[in-house]
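Trainee: If it helps, the file is called final.txt and holds compact mmCIF, C-alpha atoms:
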# COMPACT_ATOMS: atom_id res chain seq x y z
CA MET A 296 -58.27 25.16 42.71
CA LYS A 297 -57.93 22.71 39.86
CA VAL A 298 -60.03 19.60 39.20
CA TYR A 299 -59.08 16.72 36.88
CA LEU A 300 -61.07 13.62 35.98
CA LYS A 301 -59.11 10.36 35.95
CA GLU A 302 -59.90 6.73 35.16
CA ALA A 303 -61.33 5.08 38.28
CA MET A 304 -58.82 2.22 38.05
CA GLU A 305 -55.81 4.54 37.92
CA TRP A 306 -53.59 4.44 41.01
CA LEU A 307 -53.63 7.69 42.99
CA PHE A 308 -51.09 8.59 45.66
CA PRO A 309 -51.37 11.47 48.15
CA ASP A 310 -47.76 12.52 47.58
CA LYS A 311 -48.25 12.61 43.82
CA ILE A 312 -51.66 14.17 43.13
CA SER A 313 -50.47 17.70 43.81
CA GLN A 314 -48.43 17.24 40.64
CA VAL A 315 -51.38 16.08 38.51
CA ASN A 316 -51.97 18.66 35.77
CA SER A 317 -54.08 16.82 33.22
CA GLY A 318 -57.11 14.59 33.05
CA LEU A 319 -59.76 13.07 30.82
CA GLU A 320 -61.20 15.59 28.36
CA SER A 321 -65.00 15.34 28.03
CA PRO A 322 -64.95 11.55 28.46
CA VAL A 323 -67.77 9.26 27.43
CA PHE A 324 -68.32 6.06 29.43
CA ASP A 325 -70.21 3.08 28.06
CA ALA A 326 -72.37 1.22 30.55
CA PRO A 327 -74.93 -1.60 30.59
CA ARG A 328 -78.21 -1.23 32.42
CA GLY A 329 -77.72 -2.32 35.99
CA GLY A 330 -74.04 -1.40 35.96
CA ILE A 331 -72.13 1.36 37.72
CA VAL A 332 -70.06 4.07 36.05
CA SER A 333 -67.08 5.27 38.12
CA VAL A 334 -64.72 8.18 37.55
CA ALA A 335 -62.13 9.65 39.92
CA ALA A 336 -61.73 13.37 40.54
CA VAL A 337 -58.41 14.84 41.65
CA VAL A 338 -58.59 18.25 43.34
CA ASN A 339 -55.37 20.18 43.92
CA GLY A 340 -54.08 23.73 44.10
CA LEU A 341 -55.69 24.31 47.50
CA ASN A 342 -54.47 25.19 50.97
CA ASP A 343 -54.31 22.62 53.71
CA GLY A 344 -57.67 22.46 55.47
CA ASP A 345 -59.70 24.13 52.73
CA ARG A 346 -63.31 22.94 52.59
CA ILE A 347 -64.57 21.60 49.27
CA ALA A 348 -68.29 21.35 48.54
CA VAL A 349 -69.35 18.91 45.84
CA ALA A 350 -72.64 19.03 43.95
CA ALA A 351 -74.07 17.19 40.96
CA ASP A 352 -76.76 18.17 38.49
CA ASN A 353 -78.37 14.72 38.74
CA SER A 354 -79.73 12.98 41.84
CA ASP A 355 -78.46 9.60 40.59
CA VAL A 356 -74.84 10.63 41.21
CA CYS A 357 -73.09 9.20 44.30
CA VAL A 358 -69.87 10.78 45.54
CA PHE A 359 -67.32 9.17 47.87
CA GLU A 360 -64.29 10.71 49.49
CA MET A 361 -61.24 8.57 48.80
CA LEU A 362 -59.19 8.00 51.93
CA ASP A 363 -55.52 7.11 51.76
CA VAL A 364 -54.16 4.07 53.55
CA CYS A 365 -50.63 3.02 54.35
CA VAL A 366 -48.97 0.18 52.47
CA ASN A 367 -46.18 -0.86 54.84
CA ARG A 368 -44.92 -3.82 52.84
CA ASN A 369 -45.45 -5.11 49.32
CA THR A 370 -46.77 -8.53 48.49
CA SER A 371 -43.80 -10.78 47.81
CA GLU A 372 -43.22 -12.61 44.55
CA HIS A 373 -44.50 -15.82 46.17
CA GLY A 374 -47.26 -14.45 48.38
CA PHE A 375 -47.70 -13.00 51.84
CA ALA A 376 -45.71 -9.84 52.56
CA GLU A 377 -42.10 -9.15 51.73
CA ARG A 378 -39.61 -9.82 54.48
CA ALA A 379 -37.68 -6.63 55.04
CA GLY A 380 -34.10 -6.89 53.83
CA VAL A 381 -34.58 -10.45 52.59
CA GLU A 382 -36.48 -10.15 49.31
CA LYS A 383 -37.74 -7.57 46.89
CA SER A 384 -40.78 -7.86 44.63
CA HIS A 385 -40.52 -7.05 40.96
CA SER A 386 -44.24 -7.08 40.15
CA VAL A 387 -45.55 -4.19 42.25
CA ILE A 388 -46.93 -0.78 41.34
CA ARG A 389 -44.61 0.97 43.78
CA ASN A 390 -42.09 -0.02 46.42
CA ALA A 391 -43.37 0.22 49.99
CA PRO A 392 -43.76 2.08 52.22
CA PHE A 393 -46.20 4.47 50.61
CA ARG A 394 -49.75 5.71 50.97
CA GLU A 395 -52.43 5.32 48.33
CA TYR A 396 -56.08 6.24 47.98
CA ASP A 397 -58.12 3.12 48.51
CA ALA A 398 -60.93 3.28 51.10
CA LEU A 399 -64.22 4.94 50.15
CA LYS A 400 -66.19 7.12 52.57
CA PRO A 401 -69.72 8.12 51.54
CA LEU A 402 -69.77 11.89 51.23
CA ASP A 403 -71.97 13.44 53.91
CA GLY A 404 -70.70 17.00 53.81
CA ASP A 405 -67.72 19.02 52.71
CA VAL A 406 -64.36 17.42 51.97
CA ILE A 407 -61.41 18.79 53.93
CA SER A 408 -58.26 19.05 51.83
CA ARG A 409 -55.10 17.55 53.25
CA ASN A 410 -51.90 19.25 52.16
CA GLY A 411 -53.97 21.12 49.61
CA VAL A 412 -55.30 18.04 47.77
CA ALA A 413 -58.28 15.69 47.79
CA ALA A 414 -59.46 12.69 45.82
CA LEU A 415 -63.05 11.70 45.20
CA LEU A 416 -64.85 8.90 43.40
CA VAL A 417 -67.97 9.75 41.45
CA GLN A 418 -70.33 6.87 40.74
CA ILE A 419 -73.54 6.61 38.78
CA PRO A 420 -75.60 3.45 39.25
CA ILE A 421 -77.45 2.78 36.00
CA LYS A 422 -81.07 1.79 36.55
CA TYR A 423 -82.34 -1.44 35.03
CA ASN A 424 -85.12 0.47 33.29
CA ALA A 425 -82.80 3.20 31.99
CA VAL A 426 -83.51 4.31 28.44
CA PRO A 427 -80.55 3.51 26.17
CA GLY A 428 -78.75 6.61 25.00
CA GLU A 429 -76.26 9.25 26.10
CA THR A 430 -76.62 11.55 29.12
CA LYS A 431 -74.31 14.38 30.16
CA TYR A 432 -73.40 14.91 33.81
CA THR A 433 -71.88 17.98 35.44
CA ILE A 434 -70.13 17.92 38.82
CA SER A 435 -69.26 21.20 40.52
CA PHE A 436 -66.55 21.71 43.13
CA SER A 437 -66.46 24.87 45.22
CA ALA A 438 -63.88 26.12 47.70
CA GLY A 439 -64.78 29.48 49.13
CA LYS A 440 -65.87 31.66 46.21
CA GLU A 441 -64.08 29.56 43.63
CA ILE A 442 -66.12 27.08 41.60
CA LYS A 443 -64.91 24.51 39.10
CA GLU A 444 -67.12 22.31 36.93
CA VAL A 445 -66.22 19.06 35.16
CA CYS A 446 -68.37 17.20 32.69
CA PHE A 447 -68.61 13.69 31.32
CA SER A 448 -71.19 11.62 29.49
CA VAL A 449 -72.58 8.15 30.02
CA ARG A 450 -73.74 6.11 27.04
CA VAL A 451 -76.19 3.44 28.22
CA SER A 452 -76.65 0.34 26.09
CA SER A 453 -79.65 -1.97 25.93
CA VAL A 454 -77.65 -4.75 27.60
CA LYS A 455 -78.61 -5.67 31.17
CA ILE A 456 -76.37 -7.31 33.74
CA PRO A 457 -77.96 -9.64 36.32
CA LYS A 458 -79.23 -8.02 39.48
CA THR A 459 -77.07 -8.72 42.51
CA GLY A 460 -78.65 -11.50 44.54
CA LYS A 461 -79.47 -15.17 44.37
CA ASN A 462 -78.71 -15.57 40.67
CA SER A 463 -75.67 -13.32 40.27
CA VAL A 464 -72.10 -14.65 40.32
CA TYR A 465 -71.14 -15.93 43.78
CA PHE A 466 -68.99 -13.24 45.36
CA THR A 467 -67.83 -13.06 48.97
CA ASN A 468 -65.27 -11.08 50.92
CA TRP A 469 -64.46 -12.29 54.40
CA PHE A 470 -64.51 -9.71 57.14
CA SER A 471 -63.74 -9.33 60.83
CA LEU A 472 -66.45 -8.52 63.35
CA GLU A 473 -63.67 -7.50 65.70
CA ASN A 474 -62.60 -4.85 63.20
CA PHE A 475 -66.19 -3.65 62.82
CA ALA A 476 -66.27 -3.02 66.56
CA LEU A 477 -62.75 -1.56 66.60
CA TYR A 478 -63.41 1.06 63.94
CA ALA A 479 -66.83 1.89 65.35
CA LYS A 480 -65.11 2.32 68.76
CA THR A 481 -67.62 0.13 70.50
CA GLU A 482 -68.22 -3.37 71.88
CA PHE A 483 -70.00 -6.31 70.29
CA TRP A 484 -73.81 -6.18 70.17
CA THR A 485 -74.23 -2.51 71.07
CA PRO A 486 -76.51 -0.34 68.88
CA ARG A 487 -73.39 1.28 67.44
CA PHE A 488 -71.98 -2.15 66.57
CA TRP A 489 -75.15 -3.12 64.72
CA ASP A 490 -75.06 0.19 62.85
CA ALA A 491 -71.50 -0.63 61.75
CA VAL A 492 -72.61 -4.07 60.52
CA LYS A 493 -75.46 -2.48 58.56
CA GLU A 494 -73.14 0.10 56.98
CA GLN A 495 -70.66 -2.57 55.91
CA ALA A 496 -73.40 -4.85 54.56
CA GLU A 497 -74.77 -2.05 52.39
CA MET A 498 -71.31 -1.29 51.00
CA MET A 499 -70.75 -4.97 50.23
CA PHE A 500 -73.99 -5.09 48.26
CA HIS A 501 -73.01 -1.87 46.49
CA ALA A 502 -69.87 -3.72 45.32
CA ARG A 503 -72.09 -6.57 43.98
CA GLN A 504 -71.40 -8.98 46.82
CA ASN A 505 -74.20 -11.53 47.20
CA THR A 506 -72.69 -13.96 49.75
CA PHE A 507 -71.68 -13.16 53.33
CA ILE A 508 -69.65 -15.07 55.89
CA LEU A 509 -71.49 -15.90 59.13
CA PRO A 510 -68.79 -16.65 61.73
CA LEU A 511 -70.17 -19.20 64.19
CA LYS A 512 -68.04 -18.63 67.26
CA PRO A 513 -69.40 -15.17 68.20
CA PHE A 514 -72.96 -16.54 68.24
CA PHE A 515 -72.30 -19.60 70.40
CA GLU A 516 -71.60 -19.64 74.11
CA TYR A 517 -69.47 -22.58 75.27
CA LYS A 518 -69.73 -23.40 78.94
CA ASP A 519 -69.27 -26.60 80.93
CA GLY A 520 -68.94 -28.67 77.77
CA ASN A 521 -72.13 -27.37 76.18
CA TYR A 522 -72.81 -25.04 73.26
CA THR A 523 -75.72 -22.60 73.27
CA LEU A 524 -76.70 -20.67 70.16
CA ASN A 525 -77.84 -17.08 70.60
CA SER A 526 -80.46 -17.34 67.89
CA ARG A 527 -81.75 -13.80 68.43
CA ARG A 528 -78.35 -12.29 67.59
CA MET A 529 -77.79 -14.62 64.67
CA LYS A 530 -81.20 -13.82 63.22
CA LYS A 531 -80.56 -10.07 63.55
CA PHE A 532 -77.18 -10.45 61.84
CA ILE A 533 -78.68 -12.39 58.93
CA ASP A 534 -81.58 -9.95 58.63
CA ILE A 535 -79.20 -7.00 58.26
CA PHE A 536 -77.41 -8.61 55.33
CA THR A 537 -80.66 -9.84 53.80
CA GLU A 538 -82.20 -6.37 53.96
CA ALA A 539 -79.03 -4.98 52.35
CA GLY A 540 -79.62 -7.33 49.40
CA LEU A 541 -77.19 -10.22 49.98
CA TYR A 542 -78.67 -13.69 49.56
CA TRP A 543 -76.30 -16.59 50.26
CA ILE A 544 -75.38 -17.38 53.88
CA GLU A 545 -71.84 -18.73 54.21
CA GLY A 546 -71.83 -20.56 57.53
CA GLY A 547 -68.48 -20.13 59.29
CA HIS A 548 -65.97 -22.84 60.21
CA PHE A 549 -66.78 -25.52 62.74
CA GLY A 550 -63.13 -25.94 63.64
CA SER A 551 -59.47 -25.44 62.80
CA ARG A 552 -56.13 -27.23 62.68
CA ASN A 553 -55.09 -29.12 65.79
CA GLY A 554 -51.51 -27.87 65.53
CA GLY A 555 -49.35 -26.47 62.71
CA TRP A 556 -50.01 -26.32 58.99
CA THR A 557 -49.33 -30.02 58.35
CA ALA A 558 -50.99 -31.25 61.57
CA PRO A 559 -52.89 -34.46 60.75
CA ASP A 560 -55.94 -33.56 62.81
CA PHE A 561 -58.60 -30.87 63.25
CA LYS A 562 -60.27 -29.61 66.42
CA VAL A 563 -63.74 -28.24 67.10
CA MET A 564 -64.12 -24.53 67.87
CA CYS A 565 -64.10 -23.52 71.54
CA SER A 566 -63.71 -27.02 72.99
CA ASP A 567 -60.54 -27.92 71.05
CA HIS A 568 -61.64 -31.56 71.02
CA SER A 569 -60.30 -33.65 68.15
CA VAL A 570 -62.84 -34.33 65.41
CA ARG A 571 -61.77 -37.98 65.66
CA SER A 572 -62.86 -38.24 69.28
CA MET A 573 -66.22 -39.03 70.89
CA GLU A 574 -66.11 -35.62 72.52
CA GLY A 575 -65.55 -33.98 69.15
CA ASN A 576 -68.48 -35.90 67.69
CA ARG A 577 -70.67 -34.65 70.54
CA ASP A 578 -69.51 -31.05 70.03
CA ILE A 579 -70.22 -31.12 66.30
CA ALA A 580 -73.65 -32.65 66.92
CA GLN A 581 -74.53 -29.94 69.45
CA ILE A 582 -73.53 -27.10 67.15
CA ALA A 583 -75.05 -28.58 64.00
CA ARG A 584 -78.38 -29.57 65.54
CA GLN A 585 -78.91 -26.05 66.84
CA LEU A 586 -78.02 -24.62 63.45
CA LYS A 587 -80.42 -27.02 61.75
CA ALA A 588 -83.24 -26.05 64.10
CA PHE A 589 -82.46 -22.40 63.41
CA MET A 590 -82.49 -22.95 59.63
CA ASP A 591 -85.76 -24.87 59.84
CA LYS A 592 -87.43 -22.23 62.01
CA TYR A 593 -86.57 -19.36 59.68
CA ASP A 594 -86.66 -21.28 56.38
CA LEU A 595 -82.97 -20.65 55.63
CA LYS A 596 -81.84 -24.06 54.43
CA LYS A 597 -82.15 -23.14 50.74
CA ARG A 598 -79.81 -20.16 51.28
CA TRP A 599 -77.18 -21.85 53.44
CA ILE A 600 -73.67 -22.98 52.42
CA GLN A 601 -71.46 -24.43 55.17
CA HIS A 602 -67.73 -24.25 55.85
CA VAL A 603 -66.11 -27.03 57.85
CA THR A 604 -62.48 -25.99 58.32
CA ASP A 605 -60.05 -23.85 56.39
CA GLU A 606 -57.51 -25.10 53.84
CA PRO A 607 -57.43 -28.89 54.32
CA ILE A 608 -54.42 -30.47 52.62
CA LEU A 609 -53.23 -34.00 51.88
CA GLU A 610 -51.52 -34.30 55.28
CA ASN A 611 -54.87 -33.97 57.08
CA ALA A 612 -57.21 -35.28 54.40
CA ASP A 613 -58.34 -38.26 56.51
CA SER A 614 -59.40 -36.04 59.40
CA TYR A 615 -61.12 -33.68 56.97
CA ARG A 616 -63.16 -36.54 55.53
CA ILE A 617 -64.24 -37.53 59.05
CA PHE A 618 -65.10 -33.91 59.81
CA THR A 619 -67.21 -33.41 56.68
CA GLU A 620 -69.03 -36.72 57.13
CA LEU A 621 -70.09 -35.62 60.63
CA ILE A 622 -71.32 -32.30 59.25
CA ARG A 623 -73.29 -34.12 56.53
CA LYS A 624 -74.77 -36.41 59.20
CA TYR A 625 -76.05 -33.57 61.35
CA LEU A 626 -76.72 -30.99 58.60
CA PRO A 627 -78.11 -33.16 55.79
CA GLY A 628 -78.58 -31.45 52.45
CA ILE A 629 -76.40 -28.41 53.21
CA PRO A 630 -73.63 -27.91 50.60
CA ILE A 631 -70.08 -27.89 52.01
CA LEU A 632 -67.72 -25.16 50.83
CA ASP A 633 -64.05 -24.90 51.79
CA ALA A 634 -60.83 -23.39 50.52
CA MET A 635 -59.19 -26.51 49.04
CA SER A 636 -56.37 -26.83 46.55
CA ASP A 637 -55.76 -30.61 46.46
CA PRO A 638 -58.17 -32.36 44.04
CA GLU A 639 -57.09 -35.68 45.57
CA ILE A 640 -59.50 -34.96 48.47
CA ALA A 641 -62.30 -35.60 45.99
CA GLY A 642 -65.76 -36.29 47.37
CA ALA A 643 -65.23 -34.52 50.70
CA CYS A 644 -66.81 -31.19 49.73
CA ASP A 645 -69.38 -29.88 47.29
CA ILE A 646 -67.87 -26.48 46.45
CA TRP A 647 -64.12 -26.26 45.93
CA CYS A 648 -62.42 -22.92 46.39
CA PRO A 649 -58.75 -23.27 45.37
CA GLN A 650 -56.24 -20.47 45.18
CA VAL A 651 -56.57 -18.98 41.73
CA GLN A 652 -53.04 -19.88 40.59
CA LEU A 653 -53.43 -23.47 41.83
CA TYR A 654 -56.69 -23.83 39.96
CA GLN A 655 -54.96 -22.80 36.75
CA ARG A 656 -52.05 -25.15 37.46
CA ARG A 657 -54.40 -28.13 37.90
CA LYS A 658 -57.38 -26.99 35.87
CA ASN A 659 -58.05 -30.39 34.31
CA ASP A 660 -58.17 -32.10 37.72
CA PHE A 661 -60.51 -29.50 39.19
CA ASP A 662 -62.70 -29.58 36.12
CA ALA A 663 -62.98 -33.35 36.58
CA THR A 664 -64.60 -32.77 39.99
CA ARG A 665 -67.07 -30.42 38.29
CA GLU A 666 -68.01 -33.25 35.94
CA GLN A 667 -69.02 -35.23 39.04
CA GLY A 668 -71.41 -32.45 40.08
CA ASP A 669 -69.16 -30.31 42.28
CA HIS A 670 -68.81 -26.54 41.91
CA ILE A 671 -65.58 -24.55 41.60
CA TRP A 672 -64.96 -21.12 43.09
CA ALA A 673 -61.53 -19.47 43.35
CA TYR A 674 -59.92 -17.00 45.71
CA THR A 675 -56.98 -14.78 46.47
CA CYS A 676 -55.75 -14.09 49.99
CA CYS A 677 -52.16 -14.23 51.20
CA MET A 678 -51.40 -16.07 47.98
CA PRO A 679 -50.55 -15.67 45.15
CA GLY A 680 -47.96 -12.94 44.65
CA GLY A 681 -45.77 -11.85 41.77
CA ILE A 682 -47.62 -11.28 38.52
CA TRP A 683 -50.97 -12.22 40.03
CA LEU A 684 -53.53 -9.59 41.00
CA ASN A 685 -53.44 -9.48 44.78
CA ARG A 686 -53.83 -6.44 47.00
CA LEU A 687 -54.24 -8.05 50.42
CA CYS A 688 -50.68 -7.78 51.75
As a first step, turn the structure in this file into structure tokens.

Mentor:
Amino acid sequence: MKVYLKEAMEWLFPDKISQVNSGLESPVFDAPRGGIVSVAAVVNGLNDGDRIAVAADNSDVCVFEMLDVCVNRNTSEHGFAERAGVEKSHSVIRNAPFREYDALKPLDGDVISRNGVAALLVQIPIKYNAVPGETKYTISFSAGKEIKEVCFSVRVSSVKIPKTGKNSVYFTNWFSLENFALYAKTEFWTPRFWDAVKEQAEMMFHARQNTFILPLKPFFEYKDGNYTLNSRRMKKFIDIFTEAGLYWIEGGHFGSRNGGWTAPDFKVMCSDHSVRSMEGNRDIAQIARQLKAFMDKYDLKKRWIQHVTDEPILENADSYRIFTELIRKYLPGIPILDAMSDPEIAGACDIWCPQVQLYQRRKNDFDATREQGDHIWAYTCCMPGGIWLNRLC
């Protein structure tokens, strides 16, 4: 058995780590108080199925097994995924298909080697009251009677980074409740489902996330033209994320496009009524008034940010303005946040979230909205591609 320490940001591939024969020699990592030190450990020279026990000489050390995932297609130069046989990206780490270590599984026992190799991530959260100075850590790996030890040091500075929460940088990753249930092999609202939500919330906080999406549709029943909020479920959902340490509640979308990408109109969730119609007005009022009552009951208004609909563009700007005005009417004082990349729709939202490359392209225009009191976030999703950092597709 051989063990090598590698930089945590270095790409690791299951079909390549058996060939790794060098690593960091007695590395020293600098860290602020409140930060996290991460280092990867490559284990090779084993037999398939060998059990590896991992132990640390310090209780502050957290160890994760790195699980490999399949990358079927690369992100294209323009965004989204490459179309097979049509285009080829030139700004990728490796041409698909391939597998790479990406997902982290908290270590709760031995690691089972696959094809004689394993990859682990060692993390050390630095306490806010840590005494500045250098500390040495030793991690031991044992397979049968064989034991290997690796060492590294952490040099803590007097600098502190903000605690994750209300006053840290806004950071959100959208997620799928359907996928939570799928991977937990259960149905919505079962005890196992709630356990999966709790596990994911804790991992999000561990990654310094302080804002969480609250999809509306799963918590509303729509029947005979009426919406009914299941406030018990919504409260439990919010409580799980709050107890995990996340602060900002990102209320999910009230509606979506009423047609294709350039459709001029939007529709309300579940009913599919146009936001321009009397029926749509009634739908929005029903949903928003129940949300307002919920916020008031549990004193959540100061934590709430509200989405209206995703990615409005110039072709549907008029409908978006109608939509947001109705939300402001029925949810007064709640900031509106949406993914928007056209500064010409000025005044419709409070928090702009353009694609990162579009923000840079029109930085002066977006900064002008900030001068009027708006806030600017930025995001990556299916776009951009090419030289931009994007790992979604």

Trainee: Residues of range 571-593 of chain A within 12 Å of range 547-560 of chain A: nearest atom pair and distance (Å, one decimal) for each, counting all atoms listed in the file, sorted by chain and number, as a tab-separated table?

Mentor:
residue	atom	partner	partner_atom	distance
A:Arg571	CA	A:Asp560	CA	7.9
A:Ser572	CA	A:Asp560	CA	10.6
A:Gly575	CA	A:Gly550	CA	10.0
A:Asn576	CA	A:Phe549	CA	11.6
A:Asp578	CA	A:Phe549	CA	9.5
A:Ile579	CA	A:Phe549	CA	7.5
A:Ala580	CA	A:Phe549	CA	10.7
A:Gln581	CA	A:Phe549	CA	11.2
A:Ile582	CA	A:Phe549	CA	8.2
A:Ala583	CA	A:Phe549	CA	8.9
A:Leu586	CA	A:Phe549	CA	11.3

Trainee: Give me the residues within 12 Å of Tyr593 in chain A as a VMD selection string, counting all atoms listed in the file and dropping any in the same chain fewer than 6 places off.

Mentor: chain A and resid 526 to 527 529 to 531 533 to 534 586 to 587 599

Trainee: Between A:Leu416, A:Ala612, A:Cys644, A:Ile407, which is the closest to Ser333 in chain A once you count all atoms listed in the file?

Mentor: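 Selected residue with least distance to Ser333 in chain A: A:Leu416.
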
Trainee: Compare A:Trp543, A:Phe515, A:Phe661, A:Trp672 by their minimum atom-to-atom distance to Ala634 in chain A, counting all atoms listed in the file, and give me the closest one.

Mentor: A:Trp672

Trainee: Name the closest residue to Asn462 in chain A among the candidates A:Leu541, A:Cys565, A:Ile671, A:Met678; distances are taken between atoms, counting all atoms listed in the file.

Mentor: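 Residue with the minimum atom-to-atom distance to Asn462 in chain A: A:Leu541.
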
Trainee: CA of Asn521 in chain A to CA of Arg577 in chain A: how many Å, to one decimal?

Mentor: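 Those two atoms sit 9.3 Å apart.
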
Trainee: Using only C-alpha atoms, what does the table of range 478-534 of chain A residues within 10 Å of range 602-611 of chain A look like, with each row giving the shortest atom pair and its distance in Å to one decimal, sorted by chain and ascending number, as a Markdown table?

Mentor:
| residue | atom | partner | partner_atom | distance |
| --- | --- | --- | --- | --- |
| A:Ile508 | CA | A:His602 | CA | 9.4 |
| A:Leu509 | CA | A:His602 | CA | 9.7 |
| A:Pro510 | CA | A:His602 | CA | 9.7 |

Trainee: When you count only C-alpha atoms, which of these residues is closest to His385 in chain A: A:Ile682, A:Leu595, A:Met304, A:Cys676?

Mentor: A:Ile682

Trainee: Measure the distance from CA of Gln667 in chain A to CA of Gly628 in chain A in Å and round it to one decimal.

Mentor: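 These atoms are spaced 16.9 Å apart.
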
Trainee: Which of these, A:Ile419, A:Lys562, A:Pro627, A:Val337, has the shortest distance to Glu574 in chain A once you count all atoms listed in the file?

Mentor: A:Lys562

Trainee: Do a neighbour search on Leu472 in chain A at 10 Å with all atoms listed in the file, toss out local chain neighbours closer than 3 positions, and write the hits as a PyMOL selection string.

Mentor: chain A and resi 469+475-477+483+488+491-492+509-510+513

Trainee: Near Gly404 in chain A, within 9 Å and counting all atoms listed in the file, which residues show up once chain neighbours fewer than 2 positions away are dropped, as a VMD selection string?

Mentor: chain A and resid 347 to 349 402 406

Trainee: Work out where the centre of an axis-aligned box around every listed atom of range 649-665 of chain A lies and how long its edges are once 3 Å is added on each side; give both in Å to one decimal as AutoDock Vina command-line options.

Mentor:
--center_x -59.6 --center_y -26.2 --center_z 39.8 --size_x 21.0 --size_y 20.4 --size_z 17.1

Trainee: Enter the distance from CA of Phe324 in chain A to CA of Thr506 in chain A, in Å, rounded to one decimal.

Mentor: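 Rounded to one decimal, the two atoms are 28.9 Å apart.
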
Trainee: Could range 328-340 of chain A be completed with N, CA, C and O atoms and returned as an mmCIF file, keeping the file's coordinate frame?

Mentor:
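For reference, rebuild_3.cif as written:
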data_model
loop_
_atom_site.group_PDB
_atom_site.id
_atom_site.type_symbol
_atom_site.label_atom_id
_atom_site.label_comp_id
_atom_site.auth_asym_id
_atom_site.auth_seq_id
_atom_site.Cartn_x
_atom_site.Cartn_y
_atom_site.Cartn_z
ATOM 1 N N ARG A 328 -77.188 -1.489 31.403
ATOM 2 C CA ARG A 328 -78.210 -1.230 32.420
ATOM 3 C C ARG A 328 -77.960 -2.150 33.613
ATOM 4 O O ARG A 328 -77.682 -3.332 33.448
ATOM 5 N N GLY A 329 -78.032 -1.568 34.790
ATOM 6 C CA GLY A 329 -77.720 -2.320 35.990
ATOM 7 C C GLY A 329 -76.275 -2.222 36.421
ATOM 8 O O GLY A 329 -75.897 -2.736 37.474
ATOM 9 N N GLY A 330 -75.446 -1.557 35.616
ATOM 10 C CA GLY A 330 -74.040 -1.400 35.960
ATOM 11 C C GLY A 330 -73.781 -0.112 36.738
ATOM 12 O O GLY A 330 -74.708 0.616 37.103
ATOM 13 N N ILE A 331 -72.527 0.154 37.003
ATOM 14 C CA ILE A 331 -72.130 1.360 37.720
ATOM 15 C C ILE A 331 -70.985 2.016 36.952
ATOM 16 O O ILE A 331 -69.988 1.363 36.632
ATOM 17 N N VAL A 332 -71.124 3.292 36.678
ATOM 18 C CA VAL A 332 -70.060 4.070 36.050
ATOM 19 C C VAL A 332 -69.261 4.753 37.164
ATOM 20 O O VAL A 332 -69.834 5.343 38.075
ATOM 21 N N SER A 333 -67.935 4.662 37.106
ATOM 22 C CA SER A 333 -67.080 5.270 38.120
ATOM 23 C C SER A 333 -66.020 6.124 37.459
ATOM 24 O O SER A 333 -65.432 5.733 36.448
ATOM 25 N N VAL A 334 -65.776 7.293 38.029
ATOM 26 C CA VAL A 334 -64.720 8.180 37.550
ATOM 27 C C VAL A 334 -64.127 8.883 38.767
ATOM 28 O O VAL A 334 -64.849 9.283 39.685
ATOM 29 N N ALA A 335 -62.808 8.991 38.798
ATOM 30 C CA ALA A 335 -62.130 9.650 39.920
ATOM 31 C C ALA A 335 -61.946 11.128 39.615
ATOM 32 O O ALA A 335 -61.798 11.524 38.461
ATOM 33 N N ALA A 336 -61.970 11.935 40.673
ATOM 34 C CA ALA A 336 -61.730 13.370 40.540
ATOM 35 C C ALA A 336 -60.590 13.763 41.468
ATOM 36 O O ALA A 336 -60.647 13.513 42.676
ATOM 37 N N VAL A 337 -59.550 14.338 40.881
ATOM 38 C CA VAL A 337 -58.410 14.840 41.650
ATOM 39 C C VAL A 337 -58.564 16.347 41.819
ATOM 40 O O VAL A 337 -58.774 17.070 40.844
ATOM 41 N N VAL A 338 -58.498 16.811 43.051
ATOM 42 C CA VAL A 338 -58.590 18.250 43.340
ATOM 43 C C VAL A 338 -57.257 18.679 43.946
ATOM 44 O O VAL A 338 -56.809 18.101 44.942
ATOM 45 N N ASN A 339 -56.615 19.682 43.349
ATOM 46 C CA ASN A 339 -55.370 20.180 43.920
ATOM 47 C C ASN A 339 -55.321 21.712 43.774
ATOM 48 O O ASN A 339 -56.296 22.341 43.348
ATOM 49 N N GLY A 340 -54.205 22.286 44.144
ATOM 50 C CA GLY A 340 -54.080 23.730 44.100
ATOM 51 C C GLY A 340 -54.783 24.445 45.231
ATOM 52 O O GLY A 340 -55.119 25.627 45.134
#
